[in-house]
Amino acid sequence: MGYGDYQCMDENGIREDGRKADEMRPVEIECGVVPVADGSAYIKWGKNEAIAAVYGPMECHPRKVQRQDRAILDVRYNMAPFSTTDRIRPGFNRRSREISKVTRDALESVVDLELYPRSKVRVEIEIICAEAGTRCCGITAASVALADAGIPMSDMVVSVAAGKCNGIVLMDLNKPEDNYGEADLPMGILPMTDELVFLQMDGDLSMDEFKIAWDYNIKAAHDVHKIMIEALQKRYGGDV
Amino acid sequence: MGYGDYQCMDENGIREDGRKADEMRPVEIECGVVPVADGSAYIKWGKNEAIAAVYGPMECHPRKVQRQDRAILDVRYNMAPFSTTDRIRPGFNRRSREISKVTRDALESVVDLELYPRSKVRVEIEIICAEAGTRCCGITAASVALADAGIPMSDMVVSVAAGKCNGIVLMDLNKPEDNYGEADLPMGILPMTDELVFLQMDGDLSMDEFKIAWDYNIKAAHDVHKIMIEALQKRYGGDV
Amino acid sequence: MGYGDYQCMDENGIREDGRKADEMRPVEIECGVVPVADGSAYIKWGKNEAIAAVYGPMECHPRKVQRQDRAILDVRYNMAPFSTTDRIRPGFNRRSREISKVTRDALESVVDLELYPRSKVRVEIEIICAEAGTRCCGITAASVALADAGIPMSDMVVSVAAGKCNGIVLMDLNKPEDNYGEADLPMGILPMTDELVFLQMDGDLSMDEFKIAWDYNIKAAHDVHKIMIEALQKRYGGDV
Amino acid sequence: MAIPIIPSLLRDNLEALAADDQRLDGRSRFAGRELEIEVGCLANAEGSCRVRMGDTIVFAGVKFQIMTPYPDRPTQGGLMTSAEIRPVCGPNWEPGPPSEASIEMGRVVDRGIRESGCIDTSGLCILPGEKAWQVILDLFAISDDGNMFDAFALAAIAALRTATVPAERFDVGEDYKLPVAGTPIMCSYQKVGGRFVFDATKREELGGDERIHITLGNEGHVHSLQKGLRGVFTADEFNEIMDAAQSRCAELRDIVHNLEESQ
Amino acid sequence: MAIPIIPSLLRDNLEALAADDQRLDGRSRFAGRELEIEVGCLANAEGSCRVRMGDTIVFAGVKFQIMTPYPDRPTQGGLMTSAEIRPVCGPNWEPGPPSEASIEMGRVVDRGIRESGCIDTSGLCILPGEKAWQVILDLFAISDDGNMFDAFALAAIAALRTATVPAERFDVGEDYKLPVAGTPIMCSYQKVGGRFVFDATKREELGGDERIHITLGNEGHVHSLQKGLRGVFTADEFNEIMDAAQSRCAELRDIVHNLEESQ
Amino acid sequence: MAIPIIPSLLRDNLEALAADDQRLDGRSRFAGRELEIEVGCLANAEGSCRVRMGDTIVFAGVKFQIMTPYPDRPTQGGLMTSAEIRPVCGPNWEPGPPSEASIEMGRVVDRGIRESGCIDTSGLCILPGEKAWQVILDLFAISDDGNMFDAFALAAIAALRTATVPAERFDVGEDYKLPVAGTPIMCSYQKVGGRFVFDATKREELGGDERIHITLGNEGHVHSLQKGLRGVFTADEFNEIMDAAQSRCAELRDIVHNLEESQ
């Protein structure tokens, strides 16, 4: 099958994996999966699997990156070598570095960093199985892990992505939709206010398509948020 | 055309680009080309183009390289990836590291480093278009940039190179003369005393040829020095 | 000659280089071969040649690796690029890093580190000609160099290796025996007590073969220890 | 006006200015700095452009190499973007391996161009399965007074649109103009004193919050977005800068096209 | 019981416990922690295993690549083991180039498998002199509460013994089960409070001395040994843990074999 | 005589000695230290030399590899020089990536040999366009008591001139002596106490200023020059050391040639 021959939707508006256009893949979240961490979360999102662990607040090394007035987040996004069909060689990787940075930018927007001057909080995101949309998985899992670690936040970041395939705007592209698709719009949303802390996009979207994709994301974020809350409630009981 | 088939001079003693044996390529210098730097200079020398910027004196990091009794110069010579016919891959490069070192050795010989203990002055040299003789361009531009930054110096270093092609000693080799030539003698000269702070040579020169090349360099240095002075006067007016 | 066709022993129980099963290659040791070091030793062991140099105790940099209660050993094992038939490219090398680590672990077990809090002792091991068994050469030479540097030790480490070839347990494999052999058991022995500070093994040994190889090593360690003592006596005279 | 160098004072200052809808250099919120743009300025590059926006100066250079196509795409060449921000361009840029900031810059500029589809990598094939052109776009900063993203993006597309494929030098035919099927333009907005402004200076960056980069194509389609740095924003804020970007990108696209015609 | 975090106090504590033949978590000297082992758990790996020993959790993943055999061994494929200990697994693991500790871990696990001969690299040939399989074993830690060596070694052999060679994906025939001719098992002992204990926790490691790693094959032959860290030991001490390893390795080998049968 | 270790005191001391035309070890200005030179000393190298000058000890080793010639020079092999100054050779040499000092050393020694033309890379061709010899010259220091440049350069040319091309091992004919068409020799002078001296010790280096390296060929032609470190010098100073170098290089060249004959 060449590029462009993929049909993402049948005549009834149903996608290959049974979803409607605005529907998410199934999402499961579990807290406390890294026993030695201060907070952690496991997320299964379609076939994606990610683990996030949080350590700290701790003393900030090296001194050079220390901030006098606040903590910093030291965020690392990484794909395990066996997480993809073709093995990923460990080591420096520009894509991972960029995703680590935008993830940090997103999370630093909600964590109450001023509480911990001169400290750092380490956030480690490991993708152990990758389908499509791993950066959203990572940000979402990291939010839950931060909450699990008891780090004060103004809200949890929920990250979801709508996209486009065969000219149709679709929520949460799976792997073939991503491979043959034409656009991807990942967002990081604060469910209490619908504000954003993360935004990327690549591909081709008209302004109309863009607005549909945006709205899909806002709606989906609220669905995922419920699953995040349930995972934390399951661990701690009661209100979160 | 194979090696050795190149004829650098016609029967009238005129080189391919119209110069005589002891003549320099045209040199233009302009100060202040990097607005955010403390001092800067642009040099066009034949088809060579280089930019030098100076930052500092500033605190010296890392502490390990700090000197209690004087400032250090932190000099970097670099060729932009698009500066040559075959693209240069960014990153570690032994040639650039050596040129950075000998340039620093030359400039440290004239800068009054004892005025700024425990500090550093950053000197950044970027070759954006390379013909032949880029290290001389870099040293000369850096001298002007240091003067532009108001860093006290005992004299400005003027760097020029004589060479040999077809057994003839020639001033300031251009690219084909350099490619097919037999020797190159770059020197860094203090025009007030004709003393040296920089000297390299490679190839093959008899002692007689060596003396001719040396004398060519001393003379040329005085010519280039005038252009350096004019560039500074143009920026600051009056005496420099 | 393919793998497995090698015959390590003739009908009289004599190996290709004239040794019996439990016999070592000739070992020569000389102290003080690196004049600028605080202690040093050269070892020739069969065709292996190694040099060990010791510097310190000195201040420990970087601070991060400093220990408040004791000195650390900073041990580097390295093979010179020309030490083997196929040149070894300088730079990072996992095998050398592991051997450096186990050598440090062995030597730190005997050096009286508590005498020098916050310091380090540098131990540099360079293999300049490699046959087989270079890690044993390195550890043994380093012990002598530490003694030469006057660093207090509870005992000197003697490192030797028995192995197996053609199903026969042999002391101190030479190159063809190592190439075609089936096992190697390097040990680091304290000759005063027959205790161990270093142990590695790879290949295939039954428990019976293992016990023979162990006993060969203990015996050989005492022989090598005499040569170590003689080298130190030759340098310092009298008792060591 | 003296600029406070203590970040918290700078932030206060910027907030006070914002309250009066002012900026440090007197510009209005969505006004850009004075722009100079020159193509063909690097003699050894196959395409080049120098952009000056106020005191920010950058180069983009295009070079070509011959590559072996990947086995699963035998007729496709490649596009590679490299942003090595050398310490020449400002006191805060340090030597060493590529920083996070330079990696982000290179990747965001690259995505805007790549995702617009303006470079058809299938058109770069020389001999299927054996030889194809790799287009290498080098972003090179000379002076960083803020908003290098837009300066790089503008220099990049102008350098590409005026580049010549050096087929003769590689002995694979005659030189020809690199086909470029569109003119994606990036506009970047930084939150300063609580509201987004266009084309921030270094001082506005130092005392500001998050930035948003928008790349739009010829038809006004979105090709790339990126939010960078710490900060929260609303849909309304985003819509406002998206509107501003639509008109500014069109203006800049005209400037690039005029430049080409005058060449 | 509160655990002292000052290393010297921890050491005193561990010595006092050892004097009564006790351990921090109540285990006897040669008892292991609770063990969970699951194979086939990583959807994109061709072989995988997750091992949990107490609060230590690791994965091993097997991937395959096609390599060109070395000229002097035209019919042989390869086995490569990589242990990249990512900082996710504990507060003391740092990012950056591979540490000494992770290099040692990868090499010791690799040697146990390689030297047992359980992977016949000649069997990995696809086309002599041209194509052979390279088996890549990636060790990946999620949570380090001590004794990652044994966890990795167990996950590694279980992942290999349940791996499928993805010949169809590479268009070189039908998928088949990777042949593995043995089940080498590693048991590690750490000196804590003056005597060797099995399966040390992180705290026992922090307050302990040297460790010894023993890898034994199906017939009880020794395939790999490694002594790590500062410390002196006697032949008697070694013989005691070698005896313990002989029985424990046999038990763990049965667990791996049962797991395969139940698959 | 006790040597002051404070650099400024050391400098004063060296200046006082210079005023009396003395040196720390009693040598005259242009006298070298005791020299030992031995070739063929490294069993696994195809050419080798050990040089001892006072307490400075270095090795040079020559190895050969087969390379594919560059397309534009199908009949040429290559020469590569590598100077990895390992920390074994002195307390101030640190491990890690190549330092500036070692890069300069390797390049200056390399240029002296390369630019003299003594290695004819066209003569290294095995099969035009396909195979040629790459000569690799490894400089390796054991003990640094100053002036490693001259020690390396001497060891390098002696190792090359006594090297054997290992054609049999690579199955491309019979072994033969590497042809070397000259004997370039380097002499280095350091400014100590205000005047240049030959063959400076480490202490003279520590308390001295700039150094000048001169490589001369068989006919007394100049093949390479390098001025290193901070310092100013005059034409007269240079001419004086150039004269000294002319006679000293000739002496050292005779030593190398005698060594070859006695082999």
# chains A, B, ... in the order shown; residues from 1 in each chain; ligands from 1

$ interface_residues --of "chain E" --to "chain C" --cutoff "6 Å" --atoms "only C-alpha atoms" --output "PDB file with N, CA, C and O atoms, in the first residue's frame"
ATOM      1  N   GLU E 104      29.479  -2.272  33.470  1.00  0.00           N
ATOM      2  CA  GLU E 104      29.783  -3.554  34.110  1.00  0.00           C
ATOM      3  C   GLU E 104      28.554  -4.466  34.074  1.00  0.00           C
ATOM      4  O   GLU E 104      28.648  -5.641  33.732  1.00  0.00           O
ATOM      5  N   GLU E 115      28.927 -16.859  27.078  1.00  0.00           N
ATOM      6  CA  GLU E 115      29.913 -17.897  27.370  1.00  0.00           C
ATOM      7  C   GLU E 115      29.263 -19.250  27.634  1.00  0.00           C
ATOM      8  O   GLU E 115      29.914 -20.286  27.566  1.00  0.00           O
ATOM      9  N   HIS E 221      27.844 -26.236  35.275  1.00  0.00           N
ATOM     10  CA  HIS E 221      29.160 -25.677  34.939  1.00  0.00           C
ATOM     11  C   HIS E 221      29.171 -24.170  35.182  1.00  0.00           C
ATOM     12  O   HIS E 221      28.144 -23.503  35.062  1.00  0.00           O
ATOM     13  N   VAL E 222      30.365 -23.682  35.476  1.00  0.00           N
ATOM     14  CA  VAL E 222      30.532 -22.242  35.673  1.00  0.00           C
ATOM     15  C   VAL E 222      30.754 -21.586  34.308  1.00  0.00           C
ATOM     16  O   VAL E 222      31.609 -22.045  33.542  1.00  0.00           O
ATOM     17  N   HIS E 223      29.993 -20.528  33.989  1.00  0.00           N
ATOM     18  CA  HIS E 223      30.181 -19.831  32.717  1.00  0.00           C
ATOM     19  C   HIS E 223      30.706 -18.417  32.899  1.00  0.00           C
ATOM     20  O   HIS E 223      31.285 -17.850  31.985  1.00  0.00           O
ATOM     21  N   SER E 224      30.480 -17.854  34.061  1.00  0.00           N
ATOM     22  CA  SER E 224      30.942 -16.484  34.265  1.00  0.00           C
ATOM     23  C   SER E 224      31.019 -16.189  35.752  1.00  0.00           C
ATOM     24  O   SER E 224      30.173 -16.636  36.535  1.00  0.00           O
ATOM     25  N   LEU E 225      32.059 -15.479  36.125  1.00  0.00           N
ATOM     26  CA  LEU E 225      32.201 -15.007  37.501  1.00  0.00           C
ATOM     27  C   LEU E 225      32.601 -13.542  37.424  1.00  0.00           C
ATOM     28  O   LEU E 225      33.254 -13.112  36.479  1.00  0.00           O
ATOM     29  N   GLN E 226      32.246 -12.790  38.446  1.00  0.00           N
ATOM     30  CA  GLN E 226      32.702 -11.406  38.531  1.00  0.00           C
ATOM     31  C   GLN E 226      32.661 -10.990  39.993  1.00  0.00           C
ATOM     32  O   GLN E 226      31.650 -11.175  40.668  1.00  0.00           O
ATOM     33  N   LYS E 227      33.779 -10.465  40.452  1.00  0.00           N
ATOM     34  CA  LYS E 227      33.790  -9.828  41.765  1.00  0.00           C
ATOM     35  C   LYS E 227      33.793  -8.324  41.527  1.00  0.00           C
ATOM     36  O   LYS E 227      34.608  -7.824  40.735  1.00  0.00           O
ATOM     37  N   LEU E 229      33.406  -4.276  43.366  1.00  0.00           N
ATOM     38  CA  LEU E 229      33.530  -3.407  44.538  1.00  0.00           C
ATOM     39  C   LEU E 229      34.699  -3.816  45.446  1.00  0.00           C
ATOM     40  O   LEU E 229      35.289  -4.873  45.303  1.00  0.00           O
ATOM     41  N   ARG E 230      35.003  -2.896  46.357  1.00  0.00           N
ATOM     42  CA  ARG E 230      36.113  -3.055  47.284  1.00  0.00           C
ATOM     43  C   ARG E 230      35.795  -4.158  48.281  1.00  0.00           C
ATOM     44  O   ARG E 230      34.705  -4.167  48.857  1.00  0.00           O
ATOM     45  N   GLY E 231      36.738  -5.050  48.518  1.00  0.00           N
ATOM     46  CA  GLY E 231      36.525  -6.080  49.531  1.00  0.00           C
ATOM     47  C   GLY E 231      37.404  -7.282  49.291  1.00  0.00           C
ATOM     48  O   GLY E 231      37.812  -7.548  48.162  1.00  0.00           O
ATOM     49  N   VAL E 232      37.662  -7.990  50.385  1.00  0.00           N
ATOM     50  CA  VAL E 232      38.543  -9.157  50.383  1.00  0.00           C
ATOM     51  C   VAL E 232      37.682 -10.360  50.744  1.00  0.00           C
ATOM     52  O   VAL E 232      36.793 -10.255  51.582  1.00  0.00           O
ATOM     53  N   PHE E 233      37.913 -11.500  50.102  1.00  0.00           N
ATOM     54  CA  PHE E 233      37.170 -12.703  50.501  1.00  0.00           C
ATOM     55  C   PHE E 233      38.075 -13.928  50.444  1.00  0.00           C
ATOM     56  O   PHE E 233      39.104 -13.934  49.759  1.00  0.00           O
ATOM     57  N   THR E 234      37.643 -14.969  51.165  1.00  0.00           N
ATOM     58  CA  THR E 234      38.458 -16.180  51.262  1.00  0.00           C
ATOM     59  C   THR E 234      37.876 -17.258  50.361  1.00  0.00           C
ATOM     60  O   THR E 234      36.727 -17.185  49.904  1.00  0.00           O
TER      61      THR E 234
END

$ residues_around --residues "Leu170 (chain B)" --least-positions-apart "3" --cutoff "10 Å" --atoms "only C-alpha atoms" --output "list in words"
Cys8, Met9, Arg15, Arg19, Lys20, Ala21, Asp22, Glu23, Met24, Ala161, Ala162, Gly163, Lys164, Cys165, Asn166, Gly167, Leu173, Asn174, Glu177, Gly181, Ala183, Asp184, Ile212, Ala213, Tyr216 and Asn217 of chain B

$ write_last_selection --atoms "C-alpha atoms" --output "PDB file, in the first residue's frame"
ATOM      1  CA  CYS B   8      50.643  30.984 -11.464  1.00  0.00           C
ATOM      2  CA  MET B   9      52.373  33.776 -13.369  1.00  0.00           C
ATOM      3  CA  ARG B  15      49.458  36.462 -11.571  1.00  0.00           C
ATOM      4  CA  ARG B  19      48.618  40.907  -9.012  1.00  0.00           C
ATOM      5  CA  LYS B  20      52.409  41.134  -8.930  1.00  0.00           C
ATOM      6  CA  ALA B  21      54.454  38.701  -6.833  1.00  0.00           C
ATOM      7  CA  ASP B  22      54.564  40.872  -3.729  1.00  0.00           C
ATOM      8  CA  GLU B  23      51.034  42.246  -3.953  1.00  0.00           C
ATOM      9  CA  MET B  24      48.136  41.567  -1.573  1.00  0.00           C
ATOM     10  CA  ALA B 161      51.068  35.078   4.613  1.00  0.00           C
ATOM     11  CA  ALA B 162      53.523  34.786   1.811  1.00  0.00           C
ATOM     12  CA  GLY B 163      53.879  31.478   0.011  1.00  0.00           C
ATOM     13  CA  LYS B 164      55.449  29.729  -2.951  1.00  0.00           C
ATOM     14  CA  CYS B 165      53.978  28.460  -6.179  1.00  0.00           C
ATOM     15  CA  ASN B 166      55.855  27.130  -9.242  1.00  0.00           C
ATOM     16  CA  GLY B 167      59.039  27.836  -7.269  1.00  0.00           C
ATOM     17  CA  LEU B 173      48.245  33.075  -2.153  1.00  0.00           C
ATOM     18  CA  ASN B 174      44.783  32.878  -3.667  1.00  0.00           C
ATOM     19  CA  GLU B 177      47.985  29.210  -5.891  1.00  0.00           C
ATOM     20  CA  GLY B 181      51.520  25.779  -4.349  1.00  0.00           C
ATOM     21  CA  ALA B 183      54.662  26.483   0.744  1.00  0.00           C
ATOM     22  CA  ASP B 184      52.800  28.890   2.992  1.00  0.00           C
ATOM     23  CA  ILE B 212      62.135  36.734   0.660  1.00  0.00           C
ATOM     24  CA  ALA B 213      58.808  35.485   1.994  1.00  0.00           C
ATOM     25  CA  TYR B 216      57.168  40.302   1.788  1.00  0.00           C
ATOM     26  CA  ASN B 217      55.155  39.665   4.941  1.00  0.00           C
TER      27      ASN B 217
END

$ residues_around --residues "Gln246 (chain E)" --least-positions-apart "5" --cutoff "12 Å" --atoms "only C-alpha atoms" --output "list in words"
Ser206 and Met207 of chain C; Phe30, Pro184, Ile185, Met186, Cys187, Ser188, Ile214, Thr215, Leu216, Gly217, Asn218, Glu219, Gly220, His221, Val222, Asn239, Glu240, Ile241, Glu251, Leu252 and Arg253 of chain E

$ closest_residue --among "A:Asp223, A:Ala71, A:Val160, A:Glu131" --to "Pro176 (chain A)" --atoms "only C-alpha atoms"
A:Glu131

$ atom_distance --atom1 "CA of Lys120 (chain B)" --atom2 "CA of Glu15 (chain F)"
28.1 Å

$ atom_distance --atom1 "CA of Tyr189 (chain D)" --atom2 "CA of Ala245 (chain D)"
8.9 Å

$ atom_distance --atom1 "CA of Ser40 (chain B)" --atom2 "CA of Val58 (chain D)"
15.3 Å

$ residues_around --residues "Leu10 (chain D)" --least-positions-apart "6" --cutoff "12 Å" --atoms "only C-alpha atoms" --output "PyMOL selection string"
chain D and resi 2-4+16-17+24+192-193+202-208

$ closest_residue --among "B:His61, B:Arg235, B:Lys47, B:Lys211" --to "chain A" --atoms "only C-alpha atoms"
B:His61

$ select_by_dssp --residues "region 97-239 of chain D" --states "helix (DSSP H, G or I)" --output "VMD selection string"
chain D and resid 100 to 115 121 to 124 148 to 161 202 to 206 235 to 239

$ write_last_selection --atoms "C-alpha atoms" --output "short mmCIF file (atom, residue, chain, number, x, y, z; two decimals), in the first residue's frame"
data_model
loop_
_atom_site.label_atom_id
_atom_site.label_comp_id
_atom_site.auth_asym_id
_atom_site.auth_seq_id
_atom_site.Cartn_x
_atom_site.Cartn_y
_atom_site.Cartn_z
CA GLU D 100 18.12 22.69 23.75
CA ALA D 101 17.35 26.18 22.48
CA SER D 102 19.22 25.67 19.22
CA ILE D 103 17.73 22.22 18.71
CA GLU D 104 14.23 23.65 19.11
CA MET D 105 14.99 26.54 16.76
CA GLY D 106 16.31 24.27 14.04
CA ARG D 107 13.44 21.82 14.33
CA VAL D 108 10.72 24.47 14.37
CA VAL D 109 12.11 26.24 11.30
CA ASP D 110 12.55 22.88 9.61
CA ARG D 111 8.98 21.79 10.30
CA GLY D 112 7.49 24.96 8.91
CA ILE D 113 9.28 24.39 5.61
CA ARG D 114 8.98 20.62 5.48
CA GLU D 115 5.31 20.42 6.44
CA THR D 121 11.73 15.40 -2.11
CA SER D 122 10.65 13.16 -4.98
CA GLY D 123 11.83 15.89 -7.31
CA LEU D 124 15.35 15.52 -5.91
CA MET D 148 15.84 34.59 15.84
CA PHE D 149 13.07 32.13 14.93
CA ASP D 150 11.42 34.52 12.47
CA ALA D 151 14.74 35.77 11.13
CA PHE D 152 15.91 32.21 10.49
CA ALA D 153 12.62 31.16 8.93
CA LEU D 154 12.61 34.12 6.58
CA ALA D 155 16.26 33.68 5.61
CA ALA D 156 15.65 29.95 5.11
CA ILE D 157 12.77 30.22 2.68
CA ALA D 158 14.41 33.06 0.76
CA ALA D 159 17.67 31.09 0.48
CA LEU D 160 15.83 28.00 -0.72
CA ARG D 161 13.73 29.90 -3.23
CA LYS D 202 16.16 40.17 23.45
CA ARG D 203 15.13 42.30 26.41
CA GLU D 204 11.49 41.50 25.87
CA GLU D 205 12.46 37.84 25.72
CA LEU D 206 14.43 38.08 28.95
CA ALA D 235 -8.02 30.32 23.14
CA ASP D 236 -8.88 34.01 22.78
CA GLU D 237 -5.26 35.05 23.08
CA PHE D 238 -4.33 32.45 20.50
CA ASN D 239 -7.01 33.54 18.07
#
